[in-house]
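**Student:** Contents of target.txt (compact mmCIF, C-alpha atoms):
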```
# COMPACT_ATOMS: atom_id res chain seq x y z
CA MET F 1 39.66 39.15 39.42
CA THR F 2 39.18 35.34 39.30
CA VAL F 3 37.32 33.51 42.06
CA ASN F 4 40.52 31.63 42.86
CA THR F 5 42.50 34.85 43.25
CA MET F 6 39.72 36.32 45.38
CA ASN F 7 39.86 33.31 47.68
CA LYS F 8 43.62 33.75 48.03
CA LEU F 9 43.15 37.41 48.87
CA ILE F 10 40.65 36.54 51.58
CA LYS F 11 43.26 34.14 53.04
CA LEU F 12 45.47 37.17 53.58
CA LEU F 13 43.03 38.65 56.09
CA PRO F 14 44.81 37.05 59.09
CA SER F 15 47.92 39.08 58.16
CA LEU F 16 45.86 42.20 58.98
CA PHE F 17 45.22 40.87 62.49
CA LEU F 18 47.95 42.96 64.08
CA ILE F 19 46.56 46.15 62.52
CA SER F 20 43.05 45.37 63.72
CA ILE F 21 44.15 44.49 67.25
CA TYR F 22 46.23 47.65 67.55
CA PHE F 23 43.45 49.95 66.40
CA ILE F 24 40.78 48.28 68.58
CA ALA F 25 42.92 48.03 71.71
CA ASP F 26 44.24 51.57 71.30
CA GLU F 27 40.73 52.93 70.75
CA PHE F 28 39.16 51.31 73.82
CA PHE F 29 42.05 50.73 76.24
CA GLY F 30 44.72 53.26 75.29
CA PRO F 31 48.14 53.05 73.62
CA LEU F 32 49.82 51.03 76.39
CA ILE F 33 47.36 48.12 76.18
CA GLY F 34 47.31 48.36 72.39
CA THR F 35 51.09 48.13 72.22
CA LEU F 36 51.23 45.20 74.67
CA CYS F 37 48.56 43.27 72.74
CA THR F 38 50.38 43.81 69.46
CA LEU F 39 53.72 42.81 71.00
CA LEU F 40 52.34 39.60 72.53
CA LEU F 41 50.58 38.57 69.33
CA GLY F 42 53.68 39.25 67.26
CA ILE F 43 55.92 37.22 69.56
CA GLY F 44 53.33 34.44 69.63
CA GLU F 45 53.18 34.28 65.84
CA PHE F 46 56.98 34.34 65.61
CA LEU F 47 57.33 31.39 68.03
CA TYR F 48 54.54 29.44 66.31
CA THR F 49 56.21 29.89 62.93
CA ARG F 50 59.58 28.88 64.40
CA LEU F 51 58.19 25.67 65.91
CA ARG F 52 55.72 24.77 63.16
CA TYR F 53 57.80 25.55 60.05
CA GLN F 54 61.33 25.41 61.49
CA THR F 55 62.14 28.84 60.11
CA THR F 56 63.12 32.18 61.63
CA ASP F 57 60.75 34.67 60.02
CA ARG F 58 62.23 38.11 60.64
CA LEU F 59 59.32 39.68 58.78
CA ILE F 60 57.08 38.97 61.77
CA LEU F 61 59.46 40.78 64.11
CA ILE F 62 59.76 43.74 61.74
CA THR F 63 55.98 43.95 61.33
CA THR F 64 55.43 43.72 65.08
CA LEU F 65 57.97 46.46 65.78
CA PHE F 66 56.35 48.63 63.13
CA PHE F 67 52.91 48.36 64.72
CA CYS F 68 54.27 48.81 68.25
CA LEU F 69 56.25 51.94 67.37
CA PRO F 70 53.31 54.41 67.29
CA GLY F 71 52.12 53.15 70.65
CA ILE F 72 55.58 53.41 72.21
CA ILE F 73 55.99 56.97 70.92
CA SER F 74 52.54 57.97 72.17
CA ILE F 75 53.33 56.63 75.64
CA TRP F 76 56.49 58.73 75.85
CA ALA F 77 55.17 61.77 74.03
CA THR F 78 53.09 64.37 75.79
CA GLY F 79 50.71 67.02 74.54
CA ASN F 80 47.37 67.07 72.82
CA LEU F 81 48.84 67.58 69.35
CA TRP F 82 50.47 64.15 69.23
CA GLU F 83 47.31 62.52 70.51
CA LYS F 84 45.34 64.24 67.76
CA LEU F 85 47.79 63.37 65.00
CA GLN F 86 48.62 59.83 66.11
CA SER F 87 45.99 58.07 63.97
CA GLY F 88 46.85 60.15 60.91
CA ILE F 89 50.58 59.46 61.21
CA PHE F 90 49.98 55.75 61.66
CA GLU F 91 47.68 55.63 58.62
CA THR F 92 50.21 57.59 56.58
CA VAL F 93 52.81 54.90 57.13
CA VAL F 94 50.28 52.18 56.26
CA CYS F 95 49.45 54.08 53.04
CA ILE F 96 53.14 54.21 52.14
CA LEU F 97 53.45 50.44 52.61
CA LEU F 98 50.31 49.76 50.57
CA GLY F 99 51.60 52.09 47.86
CA ILE F 100 54.84 50.11 47.65
CA PHE F 101 52.90 46.83 47.33
CA ALA F 102 50.47 48.28 44.78
CA PHE F 103 52.81 50.18 42.47
CA THR F 104 55.94 48.01 42.41
CA ARG F 105 56.66 44.67 40.73
CA SER F 106 57.86 42.91 43.87
CA ASP F 107 56.51 39.44 44.70
CA LEU F 108 53.59 40.10 47.05
CA THR F 109 53.86 36.69 48.71
CA GLN F 110 57.35 37.54 49.97
CA THR F 111 55.85 40.23 52.20
CA LEU F 112 53.79 37.63 54.07
CA PRO F 113 54.83 35.61 57.11
CA ALA F 114 56.23 32.15 56.37
CA SER F 115 53.05 30.42 57.57
CA TYR F 116 51.05 32.07 54.77
CA ARG F 117 53.74 31.66 52.11
CA GLN F 118 53.46 27.88 52.58
CA SER F 119 49.91 27.80 51.14
CA ILE F 120 49.72 30.82 48.81
CA ARG F 121 51.23 30.74 45.33
CA LEU F 122 50.37 33.53 42.92
CA SER F 123 51.02 33.68 39.19
CA PRO F 124 52.08 37.05 37.70
CA ALA F 125 48.52 37.61 36.42
CA GLN F 126 47.06 36.85 39.84
CA GLN F 127 49.56 39.18 41.49
CA GLN F 128 48.50 41.96 39.12
CA MET F 129 44.86 41.36 39.99
CA MET F 130 45.72 41.49 43.66
CA ARG F 131 47.66 44.73 43.11
CA ASN F 132 44.54 46.24 41.59
CA THR F 133 42.61 45.36 44.74
CA ILE F 134 45.37 46.80 46.94
CA LYS F 135 45.24 49.99 44.85
CA THR F 136 41.56 50.34 45.75
CA LEU F 137 42.35 49.87 49.44
CA PHE F 138 45.24 52.33 49.08
CA ALA F 139 42.89 54.99 47.62
CA ILE F 140 40.34 54.46 50.43
CA LEU F 141 42.97 54.82 53.15
CA CYS F 142 44.56 57.86 51.50
CA LEU F 143 41.21 59.65 51.42
CA HIS F 144 40.51 58.67 55.02
CA THR F 145 43.97 59.81 56.14
CA ALA F 146 43.40 63.19 54.52
CA ALA F 147 40.04 63.39 56.31
CA VAL F 148 41.75 62.61 59.63
CA TYR F 149 44.25 65.45 59.24
CA LEU F 150 41.59 67.94 58.17
CA SER F 151 39.20 66.96 60.97
CA THR F 152 42.01 67.28 63.55
CA PHE F 153 42.34 71.01 62.88
CA LEU F 154 38.91 71.94 61.53
CA CYS F 155 36.32 69.83 63.37
CA PRO F 156 35.16 69.50 66.99
CA PRO F 157 36.95 66.78 69.00
CA GLN F 158 33.92 64.48 68.95
CA THR F 159 33.65 64.65 65.14
CA ALA F 160 37.42 64.20 64.72
CA SER F 161 37.31 61.14 66.97
CA PHE F 162 34.51 59.60 64.90
CA ILE F 163 36.39 60.20 61.65
CA SER F 164 39.69 58.79 62.91
CA GLY F 165 38.14 55.75 64.61
CA THR F 166 34.60 54.59 63.82
CA LEU F 167 34.61 55.80 60.22
CA LEU F 168 37.78 53.84 59.50
CA TYR F 169 36.21 50.61 60.80
CA ILE F 170 33.12 51.24 58.67
CA LEU F 171 35.19 51.81 55.52
CA LEU F 172 37.40 48.76 56.04
CA GLY F 173 34.42 46.59 56.93
CA ALA F 174 32.57 47.71 53.81
CA PHE F 175 35.66 47.10 51.65
CA PHE F 176 36.18 43.52 52.79
CA LEU F 177 32.45 42.81 52.77
CA CYS F 178 32.38 43.88 49.11
CA LEU F 179 35.25 41.48 48.37
CA ILE F 180 33.41 38.59 50.01
CA LEU F 181 30.10 39.40 48.29
CA ARG F 182 31.84 39.76 44.93
CA ASN F 183 33.47 36.38 45.47
CA LYS F 184 30.08 34.77 46.14
CA TRP F 185 28.60 36.50 43.08
CA LEU F 186 31.41 35.22 40.86
CA ASN F 187 30.98 31.70 42.23
CA HIS F 188 27.29 31.83 41.39
CA ARG F 189 27.87 33.38 37.96
CA TYR F 190 30.40 30.78 36.86
CA THR F 191 28.79 27.71 38.45
CA LYS F 192 27.66 26.20 35.11
CA GLU F 193 30.71 27.23 33.09
CA GLU F 194 33.71 25.08 32.20
CA TRP F 195 36.69 25.79 34.46
CA LEU F 196 40.26 25.70 33.20
CA PRO F 197 43.45 25.23 35.22
CA LEU F 198 45.84 28.17 35.45
CA VAL F 199 49.53 27.37 35.13
CA ASN F 200 52.93 29.00 35.24
CA GLU F 201 55.38 28.86 32.32
CA GLN F 202 56.69 25.48 33.50
CA GLY F 203 53.18 23.99 33.46
CA LYS F 204 52.70 23.84 37.22
CA ILE F 205 49.09 24.48 38.22
CA THR F 206 48.63 27.74 40.16
CA GLY F 207 44.83 27.94 40.28
CA GLN F 208 41.76 27.81 38.06
CA ALA F 209 39.36 30.17 36.31
CA PRO F 210 36.22 30.03 34.13
CA ARG F 211 36.81 29.52 30.42
CA LYS F 212 35.00 32.74 29.54
CA LEU F 213 37.30 34.73 31.79
CA CYS F 214 40.40 33.12 30.26
CA HIS F 215 39.21 34.28 26.82
CA SER F 216 38.28 37.79 27.89
CA GLY F 217 41.70 39.37 27.41
CA SER F 218 42.76 38.67 30.99
CA LYS F 219 45.83 36.81 29.65
CA LEU F 220 45.51 34.15 32.35
CA LEU F 221 47.90 31.41 31.25
CA HIS F 222 46.05 28.10 30.75
CA PRO F 223 47.10 24.81 29.10
CA VAL F 224 45.85 23.38 25.79
CA VAL F 225 46.70 20.33 23.70
CA HIS F 226 47.43 20.16 19.95
CA LEU F 227 47.64 16.93 17.95
CA HIS F 228 49.29 16.91 14.52
CA ILE F 229 48.57 13.94 12.26
CA ILE F 230 50.86 12.93 9.39
CA ASN F 231 50.52 10.23 6.74
CA GLY F 232 53.14 8.09 5.02
CA GLN F 233 54.23 11.00 2.82
CA ASN F 234 54.67 13.25 5.88
CA ASP F 235 51.71 15.38 4.83
CA LEU F 236 49.92 17.20 7.66
CA PHE F 237 46.20 16.75 8.27
CA LEU F 238 44.47 20.09 8.93
CA GLN F 239 40.90 20.84 9.94
CA LYS F 240 38.80 23.71 8.60
CA ARG F 241 37.19 25.56 11.48
CA SER F 242 33.41 25.78 11.38
CA MET F 243 31.91 29.01 10.07
CA LYS F 244 29.80 28.99 13.25
CA LYS F 245 32.85 29.55 15.44
CA GLU F 246 33.22 32.96 17.02
CA LEU F 247 37.01 32.99 16.65
CA LEU F 248 38.68 32.58 13.23
CA PRO F 249 35.79 30.86 11.40
CA GLY F 250 36.67 29.16 8.12
CA LYS F 251 40.42 29.12 8.75
CA TRP F 252 42.52 25.96 8.39
CA ASP F 253 44.00 24.89 11.69
CA THR F 254 45.81 22.16 13.62
CA ALA F 255 44.20 18.71 13.23
CA VAL F 256 43.13 18.69 16.89
CA GLY F 257 43.21 21.48 19.43
CA GLY F 258 41.44 21.99 22.72
CA HIS F 259 41.60 23.04 26.35
CA ILE F 260 42.56 20.92 29.30
CA SER F 261 39.73 21.07 31.83
CA ALA F 262 40.29 21.57 35.56
CA GLY F 263 41.29 18.28 37.16
CA GLU F 264 41.99 16.64 33.77
CA LYS F 265 45.36 15.16 32.79
CA ILE F 266 47.08 16.18 29.55
CA GLU F 267 46.72 12.67 28.06
CA GLU F 268 43.03 12.55 28.99
CA ALA F 269 42.38 15.91 27.32
CA LEU F 270 44.27 14.81 24.20
CA LYS F 271 42.17 11.64 23.86
CA ARG F 272 38.91 13.48 24.51
CA GLU F 273 39.57 16.29 22.02
CA THR F 274 40.79 13.83 19.33
CA ARG F 275 37.64 11.74 19.71
CA GLU F 276 35.32 14.77 19.71
CA GLU F 277 36.86 16.60 16.73
CA LEU F 278 38.02 13.81 14.41
CA GLY F 279 36.25 10.71 15.72
CA ILE F 280 39.59 8.94 16.32
CA THR F 281 39.39 6.52 19.26
CA THR F 282 42.73 4.70 19.01
CA PHE F 283 46.03 6.42 18.19
CA GLU F 284 49.68 6.77 19.18
CA ALA F 285 51.24 10.17 19.86
CA ARG F 286 54.49 11.62 21.16
CA LEU F 287 55.21 15.04 22.59
CA LEU F 288 56.92 17.44 20.17
CA GLY F 289 57.32 20.25 22.69
CA LYS F 290 55.52 23.04 24.46
CA TYR F 291 55.40 26.79 23.96
CA ILE F 292 53.39 29.86 24.96
CA TRP F 293 50.97 31.33 22.44
CA GLU F 294 49.50 34.78 23.14
CA SER F 295 46.79 36.59 21.19
CA ASN F 296 44.79 39.68 22.00
CA ARG F 297 42.19 37.52 23.76
CA GLU F 298 44.11 34.82 25.58
CA LYS F 299 47.42 33.31 26.61
CA GLU F 300 47.97 29.56 26.31
CA LEU F 301 50.62 27.02 27.23
CA VAL F 302 50.45 24.67 24.23
CA PHE F 303 51.44 21.00 24.54
CA SER F 304 52.06 19.86 20.95
CA PHE F 305 51.87 16.16 20.00
CA LEU F 306 52.62 14.24 16.78
CA CYS F 307 50.54 11.25 15.64
CA THR F 308 51.58 8.75 12.95
CA LYS F 309 49.26 5.82 13.80
CA TYR F 310 45.49 6.07 14.23
CA ASP F 311 42.42 3.98 13.43
CA ARG F 312 40.32 6.29 11.21
CA ILE F 313 39.21 9.88 10.79
CA ASN F 314 35.45 10.45 10.99
CA ILE F 315 34.44 14.13 11.27
CA ASP F 316 30.91 14.37 12.64
CA ASN F 317 30.48 17.54 14.70
CA ASP F 318 29.59 21.21 14.28
CA GLU F 319 33.07 22.51 15.20
CA VAL F 320 34.86 21.23 12.08
CA ASP F 321 33.57 21.81 8.53
CA GLU F 322 36.05 19.53 6.78
CA GLY F 323 39.61 18.20 6.87
CA ARG F 324 42.34 17.01 4.52
CA PHE F 325 46.06 16.35 4.25
CA TRP F 326 48.32 19.21 3.15
CA SER F 327 51.86 18.79 1.82
CA HIS F 328 54.62 20.95 3.24
CA GLN F 329 54.90 22.69 -0.12
CA GLU F 330 51.20 23.61 -0.03
CA ILE F 331 51.45 24.91 3.51
CA GLU F 332 54.50 27.05 2.82
CA LYS F 333 52.99 28.36 -0.43
CA ASN F 334 49.78 29.48 1.30
CA SER F 335 51.29 30.79 4.54
CA GLY F 336 50.72 34.47 5.20
CA LYS F 337 47.65 34.58 2.91
CA ASP F 338 44.99 34.50 5.67
CA ILE F 339 44.20 30.85 4.94
CA PHE F 340 45.62 29.35 8.14
CA THR F 341 45.16 30.44 11.74
CA PRO F 342 48.03 32.56 13.10
CA ASN F 343 48.64 29.97 15.81
CA PHE F 344 49.10 27.17 13.27
CA GLU F 345 51.52 29.21 11.16
CA TYR F 346 53.56 30.02 14.27
CA GLU F 347 53.60 26.40 15.43
CA TYR F 348 54.49 25.16 11.96
CA GLN F 349 57.64 27.30 11.92
CA LEU F 350 58.47 26.40 15.51
CA LEU F 351 57.87 22.64 15.62
CA LEU F 352 56.48 21.20 12.38
CA LYS F 353 58.60 22.49 9.52
CA ASN F 354 61.23 19.78 9.99
CA ILE F 355 58.90 16.88 10.72
CA PRO F 356 60.12 14.82 7.72
CA LYS F 357 63.63 15.01 9.16
CA THR F 358 62.60 13.95 12.68
CA CYS F 359 60.04 11.18 12.06
```
Please go through the file and, once you have read it, give me the structure as structure tokens.

**Tutor:**
Amino acid sequence: MTVNTMNKLIKLLPSLFLISIYFIADEFFGPLIGTLCTLLLGIGEFLYTRLRYQTTDRLILITTLFFCLPGIISIWATGNLWEKLQSGIFETVVCILLGIFAFTRSDLTQTLPASYRQSIRLSPAQQQMMRNTIKTLFAILCLHTAAVYLSTFLCPPQTASFISGTLLYILLGAFFLCLILRNKWLNHRYTKEEWLPLVNEQGKITGQAPRKLCHSGSKLLHPVVHLHIINGQNDLFLQKRSMKKELLPGKWDTAVGGHISAGEKIEEALKRETREELGITTFEARLLGKYIWESNREKELVFSFLCTKYDRINIDNDEVDEGRFWSHQEIEKNSGKDIFTPNFEYEYQLLLKNIPKTC
């Protein structure tokens, strides 16, 4: 899970406020007070959302009714059996809801009140990471619910009360404490690493993550820039990747390619990467298009540019071994022979094959 996703998950903690208030009030003051507290908080949140965001959020009313229902039933119901089973039944329903969130493909943000949906936007990858966390919580609550039912019939009342009440608070506290500590550990671990923006398929920024994590197979979509240089004969300049590179060493690749750093504009990244890889400081480029490239290690939103005017090429770095112009005939003749990178061959067919016709 990325640090950014973890931070968004922690922002969801206020949405658990009704659950916490119900359990605490019911434990110490009885079901009547617990139900009243939950009802007042739910109404208060509904009115605040109505006034602050000018929207009628029925989800708040549904959630409030859901958490009030066990208390209302317990007030009307009589007998020790209901009192013993009340916590287990309530947890069972919570487990069902968590199971739906964890094992379906529904948009998790749509289950939140409007006030939280205003500030939380999750990409599909982030939603999957959050589902994995919810699955962990789901497993913890399922085990605890089973323990509640067993203790109701097999353990002394004092032990059953501890399991249904205090033990639950300990487990939930430990779970969220682990999330917070893990978040701090990730922040510390990635402090010195380059951070990349995360985007959706339209290019809108949804968060950020360390570069190493983006290349770990997480398939977090992040933006990159490619610059293709052509000469007067419409030949394409390609660079030969350094043999020191971990990924695809010695393969011929796009003239310039690199990541957009967090907080960096596309044009800024294009200029920086062109200067670093080819020593070009002055050039003119136009956008050819964008597409998504996915390998077994990463998933990129590629912004592809074409350059016809530049000052000079001066390769002086340890990322590029050499470079030269290739004719279209040479490229097509050598495609599929493990000479070029797979990404370049894909982009050539998608955007570059007809360059002589479009220049």

**Student:** Any chance you could tabulate, as CSV, the residues of stretch 130-208 of chain F at most 12 Å from stretch 265-271 of chain F with each one's nearest atom pair and distance in Å to one decimal, using only C-alpha atoms, in chain and rising number order?

**Tutor:**
```
residue,atom,partner,partner_atom,distance
F:Leu196,CA,F:Ala269,CA,11.6
F:Pro197,CA,F:Lys265,CA,10.5
F:Gly203,CA,F:Ile266,CA,10.7
F:Ile205,CA,F:Lys265,CA,11.4
```

**Student:** With 6 Å as the threshold, what does the neighbourhood of (39.4, 23.3, 7.3) contain in terms of residues, counting all atoms listed in the file? Coordinates are those of the file; answer as a PyMOL selection string.

**Tutor:** chain F and resi 239-241+252+322-323

**Student:** What gap, in Å, lies between atom CA of F:Tyr346 and atom CA of F:Val302?

**Tutor:**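 These atoms are spaced 11.7 Å apart.
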
**Student:** Can you tell me which residues surround F:Lys353 at a distance of at most 12 Å, considering only C-alpha atoms, apart from same-chain residues fewer than 2 positions away, and format the answer as a list of chain:residue names?

**Tutor:**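 Those residues are F:His228, F:Asn234, F:Asp235, F:Leu236, F:Leu288, F:Ser327, F:His328, F:Gln329, F:Ile331, F:Glu332, F:Phe344, F:Glu345, F:Tyr346, F:Glu347, F:Tyr348, F:Gln349, F:Leu350, F:Leu351, F:Ile355, F:Pro356, F:Lys357, F:Thr358, F:Cys359.
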
**Student:** Restricting the output to C-alpha atoms, write the selected residues as a PDB file, keeping the file's coordinate frame.

**Tutor:**
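This is the output file part-v2.pdb:
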```pdb
ATOM      1  CA  HIS F 228      49.290  16.910  14.520  1.00  0.00           C
ATOM      2  CA  ASN F 234      54.670  13.250   5.880  1.00  0.00           C
ATOM      3  CA  ASP F 235      51.710  15.380   4.830  1.00  0.00           C
ATOM      4  CA  LEU F 236      49.920  17.200   7.660  1.00  0.00           C
ATOM      5  CA  LEU F 288      56.920  17.440  20.170  1.00  0.00           C
ATOM      6  CA  SER F 327      51.860  18.790   1.820  1.00  0.00           C
ATOM      7  CA  HIS F 328      54.620  20.950   3.240  1.00  0.00           C
ATOM      8  CA  GLN F 329      54.900  22.690  -0.120  1.00  0.00           C
ATOM      9  CA  ILE F 331      51.450  24.910   3.510  1.00  0.00           C
ATOM     10  CA  GLU F 332      54.500  27.050   2.820  1.00  0.00           C
ATOM     11  CA  PHE F 344      49.100  27.170  13.270  1.00  0.00           C
ATOM     12  CA  GLU F 345      51.520  29.210  11.160  1.00  0.00           C
ATOM     13  CA  TYR F 346      53.560  30.020  14.270  1.00  0.00           C
ATOM     14  CA  GLU F 347      53.600  26.400  15.430  1.00  0.00           C
ATOM     15  CA  TYR F 348      54.490  25.160  11.960  1.00  0.00           C
ATOM     16  CA  GLN F 349      57.640  27.300  11.920  1.00  0.00           C
ATOM     17  CA  LEU F 350      58.470  26.400  15.510  1.00  0.00           C
ATOM     18  CA  LEU F 351      57.870  22.640  15.620  1.00  0.00           C
ATOM     19  CA  ILE F 355      58.900  16.880  10.720  1.00  0.00           C
ATOM     20  CA  PRO F 356      60.120  14.820   7.720  1.00  0.00           C
ATOM     21  CA  LYS F 357      63.630  15.010   9.160  1.00  0.00           C
ATOM     22  CA  THR F 358      62.600  13.950  12.680  1.00  0.00           C
ATOM     23  CA  CYS F 359      60.040  11.180  12.060  1.00  0.00           C
TER      24      CYS F 359
END
```

**Student:** Tell me which of F:Trp195, F:Trp185, F:Phe340, F:Phe46 sits closest to F:Leu248, counting all atoms listed in the file.

**Tutor:**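 That would be F:Phe340, the residue with the smallest distance to F:Leu248.
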